[in-house]
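Colleague: Have a look at this one.
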Amino acid sequence: MGDRYANYRQYSDGELIDRLRRGESSIMDYICDKYKNLVRSKAKSMFILGADNEDLIQEGMIGLFKAVRDYDAGRDASFSFFAELCINRQMYTAVQASRRQKHFPLNTYVPLDSEEPGDEREGLNLAELLADKAKPNPEELFLDKERVDYLEKMIEEELSDFEKQVLDLYITGMSYSQIAKVLGRDEKATDNALQRLKAKIRKML
């Protein structure tokens, strides 16, 4: 960040938001600059759900503005945590709106065998998971494409709306606790939905 923000870096986000609300409008520029990399990172993870990256960045900044507007130091956790939640929610709402009539892009990343995103299989696409090979040959990929189409159809039919939402966010790499916060649901219910949808998809395979 540039020198023009030197006077702000010594204060907490909560203190700066209080000053912003009292009319020190230049603080908003500092907050936007401070959190722009978080917004870009979240946009990259949501991009695999089919939305435009630049649109997601714009939505993420809207989420950041809402976080500044709604943050309550006496009620919420740290501002950074609250901001991340607002950014995730705003982006996911945009994703849902942009692809309401579309199927899940399940040939992206679905680490179904991991308890949480981050194990060694994360990053394999669904065709690779179906073939259970790191580098399937073209014939296998063709067959897997047919199986992916079938899987997408079955997911539309067999998963509940809540399970589809959980799967959507799980694909982006979120943990069940993060998913619960974005969807405003109980962590246990979210984890249960995640385990159910994994079991259903494994049966479909």
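Chains: A, B, ... in order of the structure tokens. Residues: from 1 per chain. Ligands: from 1, in order shown.
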Show which residues sit within 8 Å of region 40-44 of chain A, as a list in words. Count only C-alpha atoms, and ignore same-chain residues fewer than 5 positions away.

Modeller: Asn53, Leu56, Ile57, Gly60, Ile87, Asn88 and Met91 of chain A

Colleague: CA of Arg69 (chain A) and CA of Tyr8 (chain A) are how many Å apart?

Modeller: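 One can read the CA of Arg69 (chain A) to CA of Tyr8 (chain A) distance as 18.6 Å.
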
Colleague: Pick from A:Glu156, A:Asp191, A:Asp33, A:Asp76: nearest to Tyr170 (chain A), with only C-alpha atoms counted?

Modeller: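 Using only C-alpha atoms, the shortest distance to Tyr170 (chain A) belongs to A:Asp191.
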
Colleague: Tell me which of A:Gln10, A:Ser45, A:Leu38, A:Gly74 sits closest to Ile171 (chain A), counting only C-alpha atoms.

Modeller: A:Ser45

Colleague: Give me the residues near region 192-194 of chain A as a PyMOL selection string, where near means some atom within 6 Å (using only C-alpha atoms) and where sequence neighbours in that chain fewer than 3 positions away do not count.

Modeller: chain A and resi 163+189+197

Colleague: Restricting the calculation to only C-alpha atoms, which member of A:Leu85, A:Met204, A:Ile62, A:Leu49 is positioned closest to Asp168 (chain A)?

Modeller: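 Comparing A:Leu85, A:Met204, A:Ile62, A:Leu49 against Asp168 (chain A), the winner is A:Leu49.
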
Colleague: Given only C-alpha atoms as the basis, pick out the residue of A:Phe162, A:Lys198, A:Leu183, A:Ser98 nearest to Asp52 (chain A).

Modeller: A:Ser98

Colleague: Out of A:Glu187, A:Glu54, A:Phe47, A:Gly63, which residue has the shortest atom-to-atom distance to Gly173 (chain A) when counting only C-alpha atoms?

Modeller: A:Phe47

Colleague: To one decimal place in Å, what is the distance between CA of Ile17 (chain A) and CA of Asn37 (chain A)?

Modeller: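 For CA of Ile17 (chain A) relative to CA of Asn37 (chain A), the distance reads 19.3 Å.
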
Colleague: Could you name the residues that touch Ala94 (chain A) at 9 Å or less, counting only C-alpha atoms, but leaving out those on the same chain fewer than 3 positions away, as a list of chain:residue names?

Modeller: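 What passes the distance filter is A:Ala51, A:Asp55, A:Leu56, A:Glu59, A:Arg89, A:Gln90, A:Met91, A:Ala97, A:Ser98, A:Arg99.
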
Colleague: Would you put the residues from that selection into a file with N, CA, C and O atoms, as a short mmCIF file (atom, residue, chain, number, x, y, z; two decimals), in the first residue's frame?

Modeller:
data_model
loop_
_atom_site.label_atom_id
_atom_site.label_comp_id
_atom_site.auth_asym_id
_atom_site.auth_seq_id
_atom_site.Cartn_x
_atom_site.Cartn_y
_atom_site.Cartn_z
N ALA A 51 -19.21 -18.13 -13.41
CA ALA A 51 -19.44 -16.69 -13.50
C ALA A 51 -18.21 -15.99 -14.05
O ALA A 51 -17.10 -16.52 -14.02
N ASP A 55 -16.86 -9.69 -13.21
CA ASP A 55 -18.15 -9.46 -12.55
C ASP A 55 -18.09 -9.89 -11.09
O ASP A 55 -18.65 -9.23 -10.21
N LEU A 56 -17.39 -11.00 -10.83
CA LEU A 56 -17.27 -11.48 -9.46
C LEU A 56 -16.46 -10.51 -8.61
O LEU A 56 -16.77 -10.29 -7.44
N GLU A 59 -18.75 -7.77 -7.73
CA GLU A 59 -19.68 -8.22 -6.68
C GLU A 59 -18.96 -8.32 -5.34
O GLU A 59 -19.53 -7.99 -4.29
N ARG A 89 -20.81 -14.24 0.43
CA ARG A 89 -22.26 -14.25 0.23
C ARG A 89 -22.64 -13.48 -1.03
O ARG A 89 -23.48 -13.93 -1.82
N GLN A 90 -22.06 -12.30 -1.21
CA GLN A 90 -22.39 -11.47 -2.35
C GLN A 90 -22.01 -12.17 -3.66
O GLN A 90 -22.78 -12.17 -4.63
N MET A 91 -20.84 -12.77 -3.68
CA MET A 91 -20.39 -13.46 -4.89
C MET A 91 -21.25 -14.68 -5.18
O MET A 91 -21.63 -14.92 -6.34
N ALA A 97 -27.54 -16.26 -9.46
CA ALA A 97 -28.37 -15.48 -10.39
C ALA A 97 -27.93 -15.69 -11.83
O ALA A 97 -28.76 -15.74 -12.74
N SER A 98 -26.61 -15.81 -12.05
CA SER A 98 -26.09 -15.90 -13.41
C SER A 98 -26.26 -17.27 -14.04
O SER A 98 -26.25 -17.40 -15.25
N ARG A 99 -26.43 -18.29 -13.22
CA ARG A 99 -26.51 -19.64 -13.77
C ARG A 99 -27.69 -20.44 -13.23
O ARG A 99 -27.64 -21.64 -13.09
#

Colleague: Using CA of Leu159 (chain A) and CA of Thr190 (chain A) as the two end points, give the distance in Å to one decimal.

Modeller: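 So the two atoms, CA of Leu159 (chain A) and CA of Thr190 (chain A), lie 13.6 Å apart.
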
Colleague: Could you tell me which of A:Tyr35, A:Tyr30, A:Tyr176, A:Tyr11 comes closest to Phe81 (chain A) if we count only C-alpha atoms?

Modeller: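 Looking at the shortest contact to Phe81 (chain A), the residue is A:Tyr35.
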